[in-house]
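> Supplied structure: run_12.cif, mmCIF, C-alpha atoms (C1' of nucleotides).
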```
data_final
#
loop_
_atom_site.label_atom_id
_atom_site.label_comp_id
_atom_site.auth_asym_id
_atom_site.auth_seq_id
_atom_site.Cartn_x
_atom_site.Cartn_y
_atom_site.Cartn_z
CA MET A 1 -162.32 42.41 214.16
CA SER A 2 -159.41 40.31 213.00
CA MET A 3 -158.35 37.15 214.75
CA MET A 4 -154.68 37.56 215.51
CA THR A 5 -152.64 34.58 216.49
CA LEU A 6 -149.06 35.51 217.14
CA ARG A 7 -147.67 33.66 220.09
CA LEU A 8 -144.33 35.17 220.99
CA ASP A 9 -143.26 31.82 222.35
CA ALA A 10 -143.58 30.26 218.92
CA PHE A 11 -142.24 33.21 216.98
CA LEU A 12 -139.03 32.26 215.25
CA PRO A 13 -137.05 35.46 215.69
CA TYR A 14 -137.84 35.32 219.38
CA ARG A 15 -136.87 31.65 219.75
CA LEU A 16 -133.67 32.26 217.87
CA SER A 17 -132.77 35.27 219.95
CA VAL A 18 -133.51 33.52 223.21
CA ALA A 19 -131.48 30.46 222.26
CA SER A 20 -128.61 32.55 220.99
CA ASN A 21 -128.58 34.72 224.09
CA ALA A 22 -128.64 31.74 226.39
CA VAL A 23 -125.71 30.17 224.60
CA SER A 24 -123.82 33.42 224.31
CA ALA A 25 -124.28 34.31 227.93
CA ARG A 26 -122.87 31.03 229.05
CA ILE A 27 -120.00 30.81 226.62
CA SER A 28 -118.91 34.40 226.63
CA ALA A 29 -118.85 34.40 230.40
CA SER A 30 -116.41 31.56 230.14
CA TYR A 31 -114.11 33.27 227.62
CA ARG A 32 -114.17 36.32 229.75
CA LYS A 33 -113.56 34.74 233.08
CA ARG A 34 -110.95 32.23 232.06
CA PHE A 35 -109.09 34.13 229.37
CA GLY A 36 -110.14 37.75 229.62
CA LEU A 37 -111.46 37.78 226.08
CA LYS A 38 -114.58 39.34 224.68
CA VAL A 39 -116.44 37.58 221.90
CA PRO A 40 -114.98 39.61 219.01
CA GLU A 41 -111.50 39.03 220.39
CA TRP A 42 -112.08 35.33 220.59
CA ARG A 43 -113.39 35.25 217.05
CA LEU A 44 -110.38 37.06 215.66
CA ILE A 45 -108.07 34.63 217.38
CA ALA A 46 -110.05 31.68 216.08
CA ILE A 47 -109.94 32.93 212.52
CA LEU A 48 -106.26 33.77 212.66
CA ALA A 49 -105.51 30.36 214.10
CA GLU A 50 -107.22 28.70 211.17
CA GLY A 51 -105.10 30.32 208.53
CA SER A 52 -102.35 32.81 208.07
CA GLU A 53 -102.05 36.54 208.45
CA MET A 54 -104.94 38.68 207.25
CA THR A 55 -106.04 42.26 206.91
CA PRO A 56 -108.58 43.63 209.39
CA GLN A 57 -111.10 43.68 206.60
CA ALA A 58 -110.64 40.04 205.71
CA LEU A 59 -110.85 39.20 209.38
CA GLY A 60 -114.06 41.12 209.76
CA ASN A 61 -115.59 39.31 206.83
CA ALA A 62 -114.53 35.93 208.09
CA ALA A 63 -115.68 36.55 211.64
CA ARG A 64 -118.74 38.62 210.80
CA ILE A 65 -117.59 41.57 212.81
CA ASP A 66 -117.88 45.16 211.65
CA LYS A 67 -114.70 47.11 211.07
CA ILE A 68 -115.06 49.23 214.18
CA SER A 69 -115.21 46.19 216.41
CA VAL A 70 -112.36 44.58 214.52
CA SER A 71 -110.31 47.67 215.11
CA ARG A 72 -111.04 47.69 218.81
CA ALA A 73 -110.60 43.97 219.28
CA ALA A 74 -107.31 44.04 217.36
CA ALA A 75 -106.08 46.92 219.49
CA ALA A 76 -106.84 44.98 222.65
CA LEU A 77 -105.17 41.82 221.37
CA THR A 78 -102.11 43.73 220.19
CA GLN A 79 -101.91 45.41 223.56
CA ARG A 80 -101.83 42.00 225.21
CA GLY A 81 -99.23 40.72 222.77
CA LEU A 82 -101.53 38.07 221.35
CA ILE A 83 -101.37 39.36 217.79
CA VAL A 84 -98.98 41.54 215.81
CA ALA A 85 -99.42 43.80 212.83
CA ARG A 86 -97.01 44.32 209.98
CA ASP A 87 -97.35 46.73 207.10
CA HIS A 88 -99.32 45.51 204.19
CA PRO A 89 -96.84 45.12 201.35
CA GLY A 90 -99.29 46.18 198.68
CA ASP A 91 -101.49 48.72 200.45
CA GLY A 92 -100.25 51.41 202.76
CA ARG A 93 -103.66 51.96 204.32
CA SER A 94 -103.90 48.46 205.61
CA HIS A 95 -101.82 45.98 207.53
CA LEU A 96 -101.58 42.29 208.12
CA LEU A 97 -102.46 40.76 211.44
CA ALA A 98 -101.12 37.48 212.73
CA LEU A 99 -101.07 35.53 215.97
CA THR A 100 -97.95 35.75 218.08
CA PRO A 101 -96.63 32.57 219.70
CA GLU A 102 -98.41 33.77 222.84
CA GLY A 103 -101.61 34.17 220.88
CA ARG A 104 -101.25 30.73 219.40
CA SER A 105 -100.58 29.33 222.80
CA LEU A 106 -103.67 30.96 224.25
CA TYR A 107 -105.66 29.58 221.35
CA GLY A 108 -104.33 26.16 222.22
CA GLU A 109 -105.89 26.55 225.63
CA ILE A 110 -109.21 28.03 224.59
CA ALA A 111 -110.08 25.90 221.63
CA PRO A 112 -110.50 22.67 223.59
CA VAL A 113 -112.61 24.48 226.15
CA ALA A 114 -114.77 25.96 223.41
CA LEU A 115 -115.23 22.58 221.80
CA ALA A 116 -116.08 21.05 225.15
CA MET A 117 -118.74 23.66 225.75
CA GLU A 118 -120.16 23.10 222.31
CA ALA A 119 -120.20 19.36 222.97
CA GLU A 120 -122.03 19.97 226.21
CA LEU A 121 -124.65 22.11 224.51
CA LEU A 122 -125.14 19.53 221.81
CA GLY A 123 -124.88 16.62 224.18
CA SER A 124 -128.31 15.26 223.38
CA PHE A 125 -127.99 15.80 219.63
CA SER A 126 -127.30 13.09 217.13
CA GLY A 127 -124.83 13.81 214.37
CA ALA A 128 -127.69 14.16 211.95
CA GLU A 129 -129.50 16.62 214.18
CA ARG A 130 -126.37 18.62 214.55
CA ALA A 131 -125.84 18.80 210.81
CA LEU A 132 -129.47 19.65 210.27
CA LEU A 133 -129.37 22.49 212.75
CA ASP A 134 -126.31 23.87 211.04
CA THR A 135 -128.06 23.76 207.69
CA LEU A 136 -131.26 25.32 208.95
CA LEU A 137 -129.37 28.15 210.57
CA ARG A 138 -127.49 28.85 207.38
CA ARG A 139 -130.67 28.88 205.39
CA ILE A 140 -132.26 31.37 207.74
CA GLU A 141 -129.19 33.50 207.62
CA THR A 142 -129.34 33.56 203.86
CA ALA A 143 -133.05 34.33 203.88
CA ALA A 144 -132.42 37.20 206.28
CA GLY A 145 -130.11 38.52 203.61
CA ALA A 146 -127.21 38.93 205.96
CA ASP A 147 -126.08 42.02 204.11
CA PHE A 148 -122.86 42.35 205.95
CA PRO A 149 -121.03 45.67 205.56
CA MET B 1 -98.13 19.32 219.50
CA SER B 2 -101.87 18.92 219.54
CA MET B 3 -103.95 18.86 216.43
CA MET B 4 -106.65 21.47 216.90
CA THR B 5 -109.63 21.50 214.64
CA LEU B 6 -112.04 24.24 215.57
CA ARG B 7 -113.47 25.92 212.54
CA LEU B 8 -115.33 29.01 213.62
CA ASP B 9 -117.61 28.62 210.64
CA ALA B 10 -118.86 25.29 211.96
CA PHE B 11 -118.93 26.28 215.59
CA LEU B 12 -122.48 26.22 216.86
CA PRO B 13 -122.44 29.26 219.14
CA TYR B 14 -121.05 31.26 216.26
CA ARG B 15 -123.61 29.99 213.74
CA LEU B 16 -126.41 30.66 216.18
CA SER B 17 -125.20 34.15 216.90
CA VAL B 18 -124.75 35.01 213.25
CA ALA B 19 -128.19 33.71 212.31
CA SER B 20 -129.84 35.44 215.24
CA ASN B 21 -128.11 38.73 214.51
CA ALA B 22 -129.04 38.61 210.86
CA VAL B 23 -132.68 38.00 211.72
CA SER B 24 -132.71 40.54 214.51
CA ALA B 25 -131.10 43.22 212.44
CA ARG B 26 -133.67 42.87 209.74
CA ILE B 27 -136.71 42.55 211.94
CA SER B 28 -135.85 45.07 214.59
CA ALA B 29 -135.08 47.65 211.93
CA SER B 30 -138.62 47.13 210.75
CA TYR B 31 -140.22 47.51 214.20
CA ARG B 32 -138.20 50.58 214.72
CA LYS B 33 -138.77 52.25 211.43
CA ARG B 34 -142.43 51.52 211.02
CA PHE B 35 -143.62 51.67 214.61
CA GLY B 36 -140.89 53.31 216.66
CA LEU B 37 -140.54 50.27 218.88
CA LYS B 38 -137.42 48.62 220.24
CA VAL B 39 -137.35 44.87 220.62
CA PRO B 40 -138.17 44.78 224.33
CA GLU B 41 -141.08 47.13 223.75
CA TRP B 42 -142.42 44.94 220.98
CA ARG B 43 -142.09 41.88 223.17
CA LEU B 44 -144.00 43.43 226.03
CA ILE B 45 -146.80 44.40 223.69
CA ALA B 46 -146.88 40.92 222.20
CA ILE B 47 -147.11 39.26 225.60
CA LEU B 48 -149.73 41.66 226.88
CA ALA B 49 -151.76 41.13 223.72
CA GLU B 50 -151.79 37.40 224.32
CA GLY B 51 -153.31 37.58 227.76
CA SER B 52 -154.48 40.00 230.36
CA GLU B 53 -152.79 42.46 232.67
CA MET B 54 -149.55 41.38 234.31
CA THR B 55 -146.91 42.57 236.71
CA PRO B 56 -143.58 43.72 235.30
CA GLN B 57 -142.02 40.63 236.76
CA ALA B 58 -144.42 38.24 235.07
CA LEU B 59 -143.93 40.17 231.87
CA GLY B 60 -140.19 39.86 232.13
CA ASN B 61 -140.40 36.15 232.67
CA ALA B 62 -142.72 35.64 229.75
CA ALA B 63 -140.69 37.82 227.39
CA ARG B 64 -137.28 36.87 228.69
CA ILE B 65 -136.34 40.40 229.48
CA ASP B 66 -134.53 41.47 232.63
CA LYS B 67 -136.33 43.73 235.07
CA ILE B 68 -134.33 46.81 234.18
CA SER B 69 -135.26 46.55 230.52
CA VAL B 70 -138.85 45.81 231.42
CA SER B 71 -138.90 48.94 233.52
CA ARG B 72 -137.49 51.07 230.74
CA ALA B 73 -139.61 49.55 228.02
CA ALA B 74 -142.74 49.93 230.15
CA ALA B 75 -141.87 53.56 230.84
CA ALA B 76 -141.54 54.23 227.13
CA LEU B 77 -144.78 52.48 226.30
CA THR B 78 -146.63 54.26 229.09
CA GLN B 79 -145.24 57.53 227.86
CA ARG B 80 -146.68 56.81 224.43
CA GLY B 81 -150.00 55.77 225.88
CA LEU B 82 -149.72 52.22 224.61
CA ILE B 83 -149.96 50.61 228.04
CA VAL B 84 -151.31 51.68 231.44
CA ALA B 85 -150.44 50.67 234.95
CA ARG B 86 -152.79 50.27 237.89
CA ASP B 87 -151.90 49.49 241.48
CA HIS B 88 -151.46 45.86 242.30
CA PRO B 89 -154.32 45.00 244.64
CA GLY B 90 -152.27 42.58 246.72
CA ASP B 91 -148.77 44.07 246.65
CA GLY B 92 -148.01 47.75 247.06
CA ARG B 93 -144.57 47.39 245.54
CA SER B 94 -145.86 46.21 242.23
CA HIS B 95 -148.45 47.13 239.68
CA LEU B 96 -150.36 45.63 236.84
CA LEU B 97 -149.70 46.57 233.25
CA ALA B 98 -152.19 46.30 230.44
CA LEU B 99 -152.52 47.44 226.85
CA THR B 100 -154.58 50.53 226.19
CA PRO B 101 -156.92 50.55 223.20
CA GLU B 102 -154.16 52.41 221.36
CA GLY B 103 -151.69 49.71 222.31
CA ARG B 104 -154.02 47.02 221.14
CA SER B 105 -154.57 48.87 217.95
CA LEU B 106 -150.85 49.20 217.33
CA TYR B 107 -150.49 45.50 218.02
CA GLY B 108 -153.12 44.87 215.40
CA GLU B 109 -150.89 46.59 212.91
CA ILE B 110 -147.60 45.05 213.90
CA ALA B 111 -148.57 41.45 214.39
CA PRO B 112 -149.40 40.80 210.73
CA VAL B 113 -146.18 42.47 209.67
CA ALA B 114 -144.22 40.36 212.13
CA LEU B 115 -145.86 37.20 210.91
CA ALA B 116 -145.20 38.15 207.32
CA MET B 117 -141.53 38.68 208.05
CA GLU B 118 -141.36 35.36 209.80
CA ALA B 119 -143.04 33.72 206.84
CA GLU B 120 -140.53 35.32 204.53
CA LEU B 121 -137.62 34.06 206.59
CA LEU B 122 -139.06 30.59 206.69
CA GLY B 123 -140.23 30.69 203.12
CA SER B 124 -138.19 27.72 202.03
CA PHE B 125 -139.00 25.66 205.11
CA SER B 126 -141.45 22.83 205.21
CA GLY B 127 -143.78 22.60 208.17
CA ALA B 128 -141.72 19.74 209.51
CA GLU B 129 -138.49 21.68 209.20
CA ARG B 130 -140.05 24.58 210.96
CA ALA B 131 -141.20 22.44 213.83
CA LEU B 132 -137.84 20.75 214.00
CA LEU B 133 -135.98 24.01 214.18
CA ASP B 134 -138.24 25.14 216.98
CA THR B 135 -137.55 21.95 218.89
CA LEU B 136 -133.81 22.06 218.34
CA LEU B 137 -133.64 25.65 219.52
CA ARG B 138 -135.57 24.81 222.66
CA ARG B 139 -133.29 21.91 223.40
CA ILE B 140 -130.22 24.07 223.07
CA GLU B 141 -131.76 26.69 225.23
CA THR B 142 -132.42 24.12 227.91
CA ALA B 143 -128.92 22.73 227.60
CA ALA B 144 -127.50 26.22 227.97
CA GLY B 145 -129.37 26.30 231.26
CA ALA B 146 -131.11 29.53 230.52
CA ASP B 147 -130.93 30.53 234.16
CA PHE B 148 -133.04 33.58 233.76
CA PRO B 149 -132.96 36.06 236.66
"C1'" DA C 1 -98.56 64.18 187.26
"C1'" DA C 2 -102.46 66.27 189.21
"C1'" DT C 3 -106.82 65.97 190.98
"C1'" DA C 4 -111.30 63.79 192.34
"C1'" DG C 5 -113.33 60.24 194.26
"C1'" DA C 6 -113.08 55.78 196.62
"C1'" DT C 7 -111.44 52.78 200.36
"C1'" DA C 8 -108.93 51.03 204.94
"C1'" DG C 9 -108.78 51.82 209.31
"C1'" DT C 10 -109.23 54.83 213.55
"C1'" DT C 11 -111.31 58.06 216.57
"C1'" DT C 12 -114.85 60.85 218.51
"C1'" DC C 13 -119.30 61.44 220.23
"C1'" DA C 14 -123.92 60.03 221.29
"C1'" DT C 15 -126.72 56.31 222.54
"C1'" DT C 16 -127.53 51.99 224.70
"C1'" DT C 17 -126.86 48.64 228.09
"C1'" DG C 18 -125.88 46.60 232.59
"C1'" DC C 19 -124.55 46.67 237.33
"C1'" DA C 20 -125.12 48.35 241.74
"C1'" DA C 21 -127.27 51.27 244.80
"C1'" DC C 22 -131.66 53.07 246.20
"C1'" DT C 23 -136.79 53.44 247.67
"C1'" DA C 24 -140.73 51.37 249.07
"C1'" DT C 25 -143.30 47.59 250.63
"C1'" DA C 26 -143.72 42.89 252.33
"C1'" DT C 27 -142.69 38.88 255.29
"C1'" DG C 28 -141.14 36.16 259.06
"C1'" DG C 29 -139.37 35.69 263.57
"C1'" DA C 30 -138.17 37.45 268.40
"C1'" DT D 1 -145.42 44.70 267.71
"C1'" DC D 2 -140.91 45.60 266.17
"C1'" DC D 3 -136.99 44.56 263.76
"C1'" DA D 4 -134.26 42.13 260.30
"C1'" DT D 5 -134.26 40.50 255.99
"C1'" DA D 6 -136.20 39.76 251.43
"C1'" DT D 7 -138.42 41.36 247.24
"C1'" DA D 8 -140.48 44.71 243.37
"C1'" DG D 9 -139.27 48.14 240.76
"C1'" DT D 10 -136.50 52.45 239.56
"C1'" DT D 11 -132.52 55.29 238.98
"C1'" DG D 12 -127.65 56.77 238.57
"C1'" DC D 13 -123.30 55.83 236.95
"C1'" DA D 14 -119.89 53.37 234.17
"C1'" DA D 15 -118.83 50.41 230.41
"C1'" DA D 16 -120.03 48.85 225.73
"C1'" DT D 17 -121.75 49.80 221.20
"C1'" DG D 18 -122.74 52.15 216.85
"C1'" DA D 19 -122.89 56.03 213.56
"C1'" DA D 20 -120.55 59.61 211.54
"C1'" DA D 21 -116.46 62.22 210.89
"C1'" DC D 22 -111.62 61.99 210.16
"C1'" DT D 23 -106.78 60.62 208.29
"C1'" DA D 24 -104.14 58.37 205.17
"C1'" DT D 25 -103.61 56.07 201.06
"C1'" DC D 26 -105.06 54.25 196.76
"C1'" DT D 27 -107.18 54.36 191.92
"C1'" DA D 28 -108.91 56.26 187.85
"C1'" DT D 29 -109.28 59.97 184.82
"C1'" DT D 30 -107.56 63.86 182.51
#
```
What does this structure look like when you write it as structure tokens?

Amino acid sequence: MSMMTLRLDAFLPYRLSVASNAVSARISASYRKRFGLKVPEWRLIAILAEGSEMTPQALGNAARIDKISVSRAAAALTQRGLIVARDHPGDGRSHLLALTPEGRSLYGEIAPVALAMEAELLGSFSGAERALLDTLLRRIETAAGADFP
Amino acid sequence: MSMMTLRLDAFLPYRLSVASNAVSARISASYRKRFGLKVPEWRLIAILAEGSEMTPQALGNAARIDKISVSRAAAALTQRGLIVARDHPGDGRSHLLALTPEGRSLYGEIAPVALAMEAELLGSFSGAERALLDTLLRRIETAAGADFP
DNA sequence: AATAGATAGTTTCATTTGCAACTATATGGA
DNA sequence: TCCATATAGTTGCAAATGAAACTATCTATT
């Protein structure tokens, strides 16, 4: 009879999932309530705001969202006039997505709120702890072999 | 014109979600493929294996699963003969769930696999790093005010 | 230049999830 | 005791998600 000692409470995948869900629940509720955005929509906006126009594929890679969700999120954002698509000059199958002024303006409202929520979550963290957490999470991600489509 | 500097890549909720999804994807695929269990089902088994019989409510609290998912997971496990329910002696609305010998046996198979996967994920971590990660995740969870139903 | 196979993105369909309503029992006060 | 309200758990229905099929275009090979 083998002595098994797996405590769910101390099991990393569980801890990670619980922490992530707690954070997600709180933050996504806020995006949703205040700006009517779902998480993938918010991510697309954030990525587009960082740089210039991109293909759906590039967006998906940058935001870690599968192409189906990118497609749906982009459709919703286009519908609301927050992004626009233009034909891809070099590839007729694709297109380039960019924020509209309205999209940029919305971003201007959300970003500070997002940063404030992050600050609140990390309120008790020192800069070093924050950096460490970031590093540890990236290492786990790599170890999990985040084989993204 | 305000200078906004939110890089999604460095945004904690995003990092946490990406890491958690990468881990979940890998591990839950394994539960599913090798044992036919979904995550909530695995969690219920893990909690029941740690202690004795419990009500669905207590189980949900311990595993951080809402009552609907507990109900469904318990139904599936009962169906497969991995757990059994008996009437709650003090409350006719509730019942007590416990692992069957089959359930305990299945747990005996899964737990080592789960621990091995965890070990693989944390392969490059020192004991101190591991403990630190655990602590940081718990602090974030608390800060997020994991107001569980 | 024609065709076969690959790729970008969308859509359809099945599954999963979550909310709200429901049943049954319990509790506390008139 | 009887009623009103609260709680445990389940179920039905609608929204969200994911896999596979589909359309259009591109690329490589002949």
> Report as JSON, numbers by chain all protein, DNA and RNA residues lying within 8 Å of Ser94 of chain A, evaluated on all atoms listed in the file, omitting residues in the same chain fewer than 5 positions from it.
{"A": [55, 56, 87, 88], "C": [8, 9]}
> Check every residue of chain A for an atom within 9 Å of chain D, counting only C-alpha atoms (C1' of nucleotides), and provide those that qualify as a list in words.
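Taken together, these residues fit the definition: Ile68, Ser69, Asp91, Gly92, Arg93 and Ser94 of chain A.
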> Mind checking which residues fall within 10 Å of segment 110-123 of chain A, counting all atoms listed in the file, ignoring those fewer than 4 positions away in the same chain, and posting them as a compact mmCIF listing (two decimals) with C-alpha atoms, in the coordinates of the input?

```
# COMPACT_ATOMS: atom_id res chain seq x y z
CA VAL A 23 -125.71 30.17 224.60
CA ARG A 26 -122.87 31.03 229.05
CA ILE A 27 -120.00 30.81 226.62
CA SER A 28 -118.91 34.40 226.63
CA SER A 30 -116.41 31.56 230.14
CA TYR A 31 -114.11 33.27 227.62
CA ARG A 34 -110.95 32.23 232.06
CA PHE A 35 -109.09 34.13 229.37
CA TRP A 42 -112.08 35.33 220.59
CA ILE A 45 -108.07 34.63 217.38
CA ALA A 46 -110.05 31.68 216.08
CA ALA A 49 -105.51 30.36 214.10
CA ARG A 104 -101.25 30.73 219.40
CA SER A 105 -100.58 29.33 222.80
CA LEU A 106 -103.67 30.96 224.25
CA GLY A 127 -124.83 13.81 214.37
CA GLU A 129 -129.50 16.62 214.18
CA ARG A 130 -126.37 18.62 214.55
CA MET B 4 -106.65 21.47 216.90
CA THR B 5 -109.63 21.50 214.64
CA LEU B 6 -112.04 24.24 215.57
CA ARG B 7 -113.47 25.92 212.54
CA PHE B 11 -118.93 26.28 215.59
CA LEU B 12 -122.48 26.22 216.86
CA PRO B 13 -122.44 29.26 219.14
CA LEU B 136 -133.81 22.06 218.34
CA ARG B 139 -133.29 21.91 223.40
CA ILE B 140 -130.22 24.07 223.07
CA GLU B 141 -131.76 26.69 225.23
CA THR B 142 -132.42 24.12 227.91
CA ALA B 143 -128.92 22.73 227.60
CA ALA B 144 -127.50 26.22 227.97
CA GLY B 145 -129.37 26.30 231.26
```
> Nearest to chain C: which of B:Arg64, B:Arg72, B:Arg86, B:Lys33 is it, counting all atoms listed in the file?
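Looking at the shortest contact to chain C, the residue is B:Arg72.
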> Would you mind telling me which residue in C:DA6, C:DA24, C:DA1, C:DA14 lies nearest to chain B when using all atoms listed in the file?
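Closest residue, counting all atoms listed in the file: C:DA24.
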> Could you list, as number ranges by chain, every residue matched by the PyMOL selection byres ((chain A and resi 76) around 12) in this structure?
A: 36-38, 40-42, 44-45, 69-75, 77-84
> Suppose you want the space between atom CA of Leu133 of chain B and atom CA of Ala25 of chain B; what is it in Å?
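So the answer is 19.9 Å.
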> Which of these, A:Leu99, A:Ala29, A:Ala62, A:Ala128, has the shortest distance to chain B once you count only C-alpha atoms?
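Checking each candidate against chain B, we get A:Ala62 as the closest.
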> One decimal, in Å: what's the spacing between atom CA of His95 of chain A and atom C1' of DA4 of chain C?
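These atoms are spaced 25.3 Å apart.
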> With all atoms listed in the file as the basis for distance, which of A:Glu102, A:Asp9, A:Asp66, A:Glu53 is at the shortest distance from chain C?
A:Asp66
> So how many Å separate atom CA of Gly60 of chain A and atom CA of Val18 of chain A, to one decimal?
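Atom CA of Val18 of chain A lies at a distance of 24.8 Å from atom CA of Gly60 of chain A.
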> With distances taken over all atoms listed in the file, which residue among A:Ser52, A:Ser20, A:Thr100, A:Ser126 lies nearest chain B?
A:Ser20
> Using only C-alpha atoms (C1' of nucleotides), which residues of chain C come within 10 Å of chain B, and what is the closest atom pair for each, with the distance in Å to one decimal? Give it as a tab-separated table, sorted by chain and residue number.

```
residue	atom	partner	partner_atom	distance
C:DT17	C1'	B:Ser69	CA	9.0
C:DG18	C1'	B:Ile68	CA	8.6
C:DA24	C1'	B:Arg93	CA	6.6
C:DT25	C1'	B:Arg93	CA	5.2
C:DA26	C1'	B:Asp91	CA	7.7
```
> Take the residues just selected and output them with C-alpha atoms (C1' of nucleotides) as a PDB file, in the frame of the given file.

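Full text of selection35.pdb as output:
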```pdb
ATOM      1  C1'  DT C  17    -126.860  48.640 228.090  1.00  0.00           C
ATOM      2  C1'  DG C  18    -125.880  46.600 232.590  1.00  0.00           C
ATOM      3  C1'  DA C  24    -140.730  51.370 249.070  1.00  0.00           C
ATOM      4  C1'  DT C  25    -143.300  47.590 250.630  1.00  0.00           C
ATOM      5  C1'  DA C  26    -143.720  42.890 252.330  1.00  0.00           C
TER       6       DA C  26
END
```
> How would segment 123-141 of chain A read, as a tab-separated table (two decimals), in the frame of the given file, once N, CA and C atoms are built in?

```
chain	number	residue	atom	x	y	z
A	123	GLY	N	-125.00	17.96	223.60
A	123	GLY	CA	-124.88	16.62	224.18
A	123	GLY	C	-125.98	15.67	223.75
A	124	SER	N	-127.19	16.16	223.68
A	124	SER	CA	-128.31	15.26	223.38
A	124	SER	C	-128.59	15.16	221.89
A	125	PHE	N	-127.73	15.78	221.07
A	125	PHE	CA	-127.99	15.80	219.63
A	125	PHE	C	-127.27	14.66	218.91
A	126	SER	N	-127.97	14.06	218.00
A	126	SER	CA	-127.30	13.09	217.13
A	126	SER	C	-126.50	13.87	216.10
A	127	GLY	N	-125.61	13.17	215.42
A	127	GLY	CA	-124.83	13.81	214.37
A	127	GLY	C	-125.72	14.41	213.30
A	128	ALA	N	-126.78	13.68	212.98
A	128	ALA	CA	-127.69	14.16	211.95
A	128	ALA	C	-128.40	15.43	212.40
A	129	GLU	N	-128.80	15.44	213.66
A	129	GLU	CA	-129.50	16.62	214.18
A	129	GLU	C	-128.58	17.83	214.16
A	130	ARG	N	-127.36	17.56	214.54
A	130	ARG	CA	-126.37	18.62	214.55
A	130	ARG	C	-126.19	19.23	213.17
A	131	ALA	N	-126.04	18.36	212.19
A	131	ALA	CA	-125.84	18.80	210.81
A	131	ALA	C	-127.07	19.55	210.31
A	132	LEU	N	-128.22	19.04	210.70
A	132	LEU	CA	-129.47	19.65	210.27
A	132	LEU	C	-129.59	21.06	210.84
A	133	LEU	N	-129.29	21.17	212.10
A	133	LEU	CA	-129.37	22.49	212.75
A	133	LEU	C	-128.46	23.47	212.02
A	134	ASP	N	-127.26	23.02	211.74
A	134	ASP	CA	-126.31	23.87	211.04
A	134	ASP	C	-126.90	24.35	209.71
A	135	THR	N	-127.47	23.42	208.99
A	135	THR	CA	-128.06	23.76	207.69
A	135	THR	C	-129.22	24.73	207.82
A	136	LEU	N	-130.09	24.45	208.78
A	136	LEU	CA	-131.26	25.32	208.95
A	136	LEU	C	-130.82	26.73	209.31
A	137	LEU	N	-129.84	26.82	210.18
A	137	LEU	CA	-129.37	28.15	210.57
A	137	LEU	C	-128.79	28.90	209.38
A	138	ARG	N	-128.07	28.19	208.55
A	138	ARG	CA	-127.49	28.85	207.38
A	138	ARG	C	-128.57	29.29	206.41
A	139	ARG	N	-129.60	28.48	206.30
A	139	ARG	CA	-130.67	28.88	205.39
A	139	ARG	C	-131.39	30.13	205.89
A	140	ILE	N	-131.61	30.18	207.18
A	140	ILE	CA	-132.26	31.37	207.74
A	140	ILE	C	-131.40	32.60	207.53
A	141	GLU	N	-130.13	32.41	207.78
A	141	GLU	CA	-129.19	33.50	207.62
A	141	GLU	C	-129.25	34.05	206.19
```
